2 protein chains.
Amino acid sequence: MTAADSGPARPPAELTEIAARCEARLGEILDAERRQWSELDPSLDEPLGDLADMVMSGGKRIRPAYCRWGWLLGGGDPEPGPGDGSLDAGCALEILHAFALAHDDMMDGSLTRRGEPTVWRKFAERHRQRSWHGENRRFGDAAAVLVGDMAMVLADRTLGEVTAATRAVWNGLRTELNMGQYLDMVGSAQQHPTADGARRIIEHKTARYTVVRPLQLGAALAGSPELAGPLERHGLPVGLAFQLRDDVLGAFGDPRATGKPVGDDLREGKPTLLVAVAQAAASPAQRRVLDAVGSEMDNQTVEQIQQVLVDTGALAAVNDEIEDLLRQALHALEALPDVPAVKEALAATAHFVAERQT
Amino acid sequence: MTAADSGPARPPAELTEIAARCEARLGEILDAERRQWSELDPSLDEPLGDLADMVMSGGKRIRPAYCRWGWLLGGGDPEPGPGDGSLDAGCALEILHAFALAHDDMMDGSLTRRGEPTVWRKFAERHRQRSWHGENRRFGDAAAVLVGDMAMVLADRTLGEVTAATRAVWNGLRTELNMGQYLDMVGSAQQHPTADGARRIIEHKTARYTVVRPLQLGAALAGSPELAGPLERHGLPVGLAFQLRDDVLGAFGDPRATGKPVGDDLREGKPTLLVAVAQAAASPAQRRVLDAVGSEMDNQTVEQIQQVLVDTGALAAVNDEIEDLLRQALHALEALPDVPAVKEALAATAHFVAERQT
């Protein structure tokens, strides 16, 4: 791939290189952990193996990429290799993400993750096959909690020795993630999201966690914590646009492109801004249609809800906001240090997250 | 209380003073956290309030005490106040313990902790009262996982900026705790503990976590990480004796003194060394009696199992081992720096944990 490949709705080519380096290092870290603890007790091979599988199977490595871009903007050594202080931090972000996923999947009772059975389900199945004492499901849940806990500590250890300024960014990221998760869970249970509430969840659980904090982490590692403000002014709108686009795809996305059933988020009752805006603007009849959000429903009901999201103007309002956020994010690039390759990558990624179809 | 009050089966008087200072500081830390996040979103007051209640309600503060004793042995400033580098670390240990308890109670489905409903149960009950969407129990479980996750990160932030040597001790403690928890869970599910397996669980989940690492943490904070070895030689036998005594009380303890139903551990199927030793030595008839371990049983069955634990020699073997461990622990004090008040406190605590009736 060359830089010319990156168009408006495609992630930048560097992402592939950053992901490859990150995966090589993650392999080393996870192997070492697994070897050390399996030697103490062979039972520990299974949870650490599941953790390794989950981390290695995964995703676009977008957080390590933002961390590397923050590092480069902060004046860090661009040479890949031992001088790249952003590599271990990127790996720490990926391992931390596995913590969040292991706990999240257990809390949501999700059956698959990236095409594989989720951790709680693997352990519930082993428990059943081995005829162990107790309930399969509770054992699976408990094991997933502990695999997540192991990941949380390993992530921290992978970050390693850093300055107080860097650790403050890392601690902010972890705290905001937990608070965002909690607000998301309560929001789903309450089922009547307010627009403000939905924005707070997006800001903490997605925008700060996925974009702002990884950028700031890289910059702080490079000795430029003072870039925190300018990076936030780019990262926050990108992260918000990412989640709003995700919400639109979760309600209207083509199942062939997203790989998820149509209207998946509507069935789950995710407290999205899209639904909050529609609820605020809905007539009594439209509100009755929206009451089905968060329950099992047939495709016809999904279509009725989609119609309400259109008729109330919620879809148009969210799409307008995504466009506006993209403009803000691109504008904020001007205040960042002049590293053209990184600015191009950030612009391409911003376009991608705002305009993607999957 | 005066020093003269501390006898062989009573914890040392300093424990009360250390606990009081620790609790005052914990109150400040938890209030600040709760205030900050409730301001962002009032929903966050509840989980952080539960966390504060759990931390403040609790226990003898034995880990902060060991941390302080390690600090003093390592040459740290004995004056209580801003110069006491072990105070925040002690608080971090207590908040980390709340993480472990929140997750543990959820995994075990425990109903009460220190006389209060457990976190998962409080949230399940709120969910029911508020007629929120979804299952009460699953919501309670998820909330308890997140309260634990919040505690884990807050514990880390409370430890603050420390040297690499100190952080290595802290990371060791957290990793060993998770690994020990996992081994304990698998051991309970498998129901046929081996003596070696039981020892590994005790070592990681109790001895290192409660005694060795807190002592080493205090010494490292005082700039004396080289005391790690001598402190381990005292702390490991004390921690092992503590757990073995706990196992004996869990199987034979007087419910009026322990506050738990007689034979509680036997019903839970805890993979204790006591049961492992009995199983290894049991005749076929005795083994059939032991098969009831890990199930609901009446008091008569508890008595039959107790008889087998006596007849196989398991109780005597474990009691001999406790005595032997106490001797080792007291002997190991000789190699520690000469701070008489601390050595007296360590000796009194060792006697207490090995000989206590509750």
# chains A, B, ... in the order shown; residues from 1 in each chain; ligands from 1

$ closest_atom_pairs --of "chain A" --to "chain B" --cutoff "6 Å" --atoms "only C-alpha atoms" --output "CSV"
residue,atom,partner,partner_atom,distance
A:Met107,CA,B:Ala142,CA,5.0
A:Trp132,CA,B:Ala189,CA,5.2
A:His133,CA,B:Ala189,CA,4.6
A:Ala142,CA,B:Met107,CA,5.0
A:Ala189,CA,B:His133,CA,4.6
A:Gln190,CA,B:Trp132,CA,5.5

$ residues_around --residues "region 341-345 of chain A" --least-positions-apart "2" --cutoff "10 Å" --atoms "only C-alpha atoms" --output "JSON, numbers by chain"
{"A": [3, 6, 11, 12, 13, 14, 15, 65, 66, 68, 69, 70, 72, 73, 330, 333, 334, 336, 337, 338, 339, 347, 348, 349, 350, 351]}

$ residues_around --residues "Leu244 (chain B)" --least-positions-apart "4" --cutoff "8 Å" --atoms "only C-alpha atoms" --output "list in words"
Leu240, Val248, Leu273, Leu274, Val318 and Ile322 of chain B

$ write_last_selection --atoms "C-alpha atoms" --output "short mmCIF file (atom, residue, chain, number, x, y, z; two decimals), in the first residue's frame"
data_model
loop_
_atom_site.label_atom_id
_atom_site.label_comp_id
_atom_site.auth_asym_id
_atom_site.auth_seq_id
_atom_site.Cartn_x
_atom_site.Cartn_y
_atom_site.Cartn_z
CA LEU B 240 0.70 -19.11 55.34
CA VAL B 248 -9.05 -24.61 60.62
CA LEU B 273 -4.80 -27.61 52.46
CA LEU B 274 -6.71 -29.16 55.38
CA VAL B 318 -2.06 -28.55 59.77
CA ILE B 322 1.05 -23.58 61.82
#

$ closest_residue --among "B:Thr206, B:Thr118, B:Gln328, B:Thr166" --to "Ala144 (chain B)" --atoms "only C-alpha atoms"
B:Thr118

$ residues_around --residues "Leu231 (chain B)" --least-positions-apart "6" --cutoff "9 Å" --atoms "only C-alpha atoms" --output "mmCIF file with N, CA and C atoms, in the first residue's frame"
data_model
loop_
_atom_site.group_PDB
_atom_site.id
_atom_site.type_symbol
_atom_site.label_atom_id
_atom_site.label_comp_id
_atom_site.auth_asym_id
_atom_site.auth_seq_id
_atom_site.Cartn_x
_atom_site.Cartn_y
_atom_site.Cartn_z
ATOM 1 N N GLY B 70 7.012 -2.127 57.188
ATOM 2 C CA GLY B 70 8.077 -2.233 56.175
ATOM 3 C C GLY B 70 8.780 -0.890 55.990
ATOM 4 N N VAL B 212 3.636 -10.343 52.684
ATOM 5 C CA VAL B 212 4.958 -10.145 52.069
ATOM 6 C C VAL B 212 5.013 -8.854 51.251
ATOM 7 N N ARG B 213 4.085 -8.697 50.317
ATOM 8 C CA ARG B 213 4.140 -7.535 49.424
ATOM 9 C C ARG B 213 3.899 -6.209 50.149
ATOM 10 N N LEU B 215 4.729 -5.491 53.232
ATOM 11 C CA LEU B 215 5.996 -5.207 53.910
ATOM 12 C C LEU B 215 7.025 -4.682 52.911
ATOM 13 N N GLN B 216 7.142 -5.374 51.768
ATOM 14 C CA GLN B 216 8.146 -4.989 50.765
ATOM 15 C C GLN B 216 7.828 -3.620 50.166
ATOM 16 N N ALA B 219 9.035 -0.988 52.576
ATOM 17 C CA ALA B 219 10.501 -0.907 52.574
ATOM 18 C C ALA B 219 11.000 -0.240 51.293
ATOM 19 N N ALA B 332 12.919 -15.483 61.630
ATOM 20 C CA ALA B 332 13.304 -14.596 60.521
ATOM 21 C C ALA B 332 13.392 -13.137 60.954
ATOM 22 N N LEU B 333 12.779 -12.806 62.093
ATOM 23 C CA LEU B 333 12.851 -11.420 62.581
ATOM 24 C C LEU B 333 14.292 -11.017 62.887
ATOM 25 N N ALA B 335 16.949 -11.414 61.275
ATOM 26 C CA ALA B 335 17.719 -10.873 60.146
ATOM 27 C C ALA B 335 17.251 -9.476 59.730
ATOM 28 N N LEU B 336 16.211 -8.968 60.382
ATOM 29 C CA LEU B 336 15.668 -7.662 59.980
ATOM 30 C C LEU B 336 16.352 -6.530 60.750
#

$ select_by_dssp --residues "region 85-322 of chain B" --states "alpha helix (DSSP H)" --output "PyMOL selection string"
chain B and resi 86-108+119-129+136-159+164-190+195-201+213-221+228-252+255-258+264-268+273-281+284-290+299-311+314-322

$ residues_around --residues "Ala329 (chain A)" --least-positions-apart "6" --cutoff "9 Å" --atoms "only C-alpha atoms" --output "list of chain:residue names"
A:Arg233, A:His234, A:Gly235, A:Leu236, A:Pro237, A:Val238, A:Ala347, A:Ala350

$ residues_around --residues "Thr194 (chain A)" --least-positions-apart "3" --cutoff "9 Å" --atoms "only C-alpha atoms" --output "VMD selection string"
chain A and resid 187 197 to 199 271 to 273 275 to 277 279 to 280

$ select_by_dssp --residues "region 84-206 of chain A" --states "strand (DSSP E or B)" --output "PyMOL selection string"
chain A and resi 112-113+116-117

$ residues_around --residues "region 82-90 of chain B" --least-positions-apart "6" --cutoff "9 Å" --atoms "only C-alpha atoms" --output "PyMOL selection string"
chain B and resi 18+21-22+25-26+61+63-72+76+155+158-160+214+217-219+221-222

$ write_last_selection --atoms "C-alpha atoms" --output "tab-separated table (two decimals), in the first residue's frame"
chain	number	residue	atom	x	y	z
B	18	ILE	CA	-2.35	3.02	61.94
B	21	ARG	CA	-4.76	7.50	60.28
B	22	CYS	CA	-5.41	5.33	57.24
B	25	ARG	CA	-6.87	9.64	54.62
B	26	LEU	CA	-9.15	7.14	52.85
B	61	ARG	CA	-6.26	-2.50	58.06
B	63	ARG	CA	-2.12	-4.47	54.94
B	64	PRO	CA	-1.55	-0.76	55.69
B	65	ALA	CA	0.01	-1.84	59.00
B	66	TYR	CA	2.45	-4.19	57.29
B	67	CYS	CA	3.21	-1.46	54.78
B	68	ARG	CA	3.99	0.96	57.63
B	69	TRP	CA	6.13	-1.62	59.41
B	70	GLY	CA	8.08	-2.23	56.17
B	71	TRP	CA	8.53	1.54	55.86
B	72	LEU	CA	9.90	1.82	59.40
B	76	GLY	CA	11.42	5.68	56.75
B	155	ALA	CA	-5.89	2.25	43.99
B	158	THR	CA	-3.58	6.55	45.16
B	159	LEU	CA	-0.19	4.86	45.14
B	160	GLY	CA	0.97	7.88	43.14
B	214	PRO	CA	2.80	-4.87	51.82
B	217	LEU	CA	6.11	-2.06	49.47
B	218	GLY	CA	6.79	-0.05	52.63
B	219	ALA	CA	10.50	-0.91	52.57
B	221	LEU	CA	9.05	3.33	49.54
B	222	ALA	CA	11.59	4.02	52.27

$ closest_residue --among "B:His331, B:Glu46, B:Val293, B:Gln357" --to "Arg126 (chain B)" --atoms "only C-alpha atoms"
B:Glu46

$ atom_distance --atom1 "CA of Glu323 (chain A)" --atom2 "CA of Gly239 (chain A)"
12.8 Å

$ atom_distance --atom1 "CA of Ala165 (chain A)" --atom2 "CA of Ala228 (chain A)"
10.5 Å
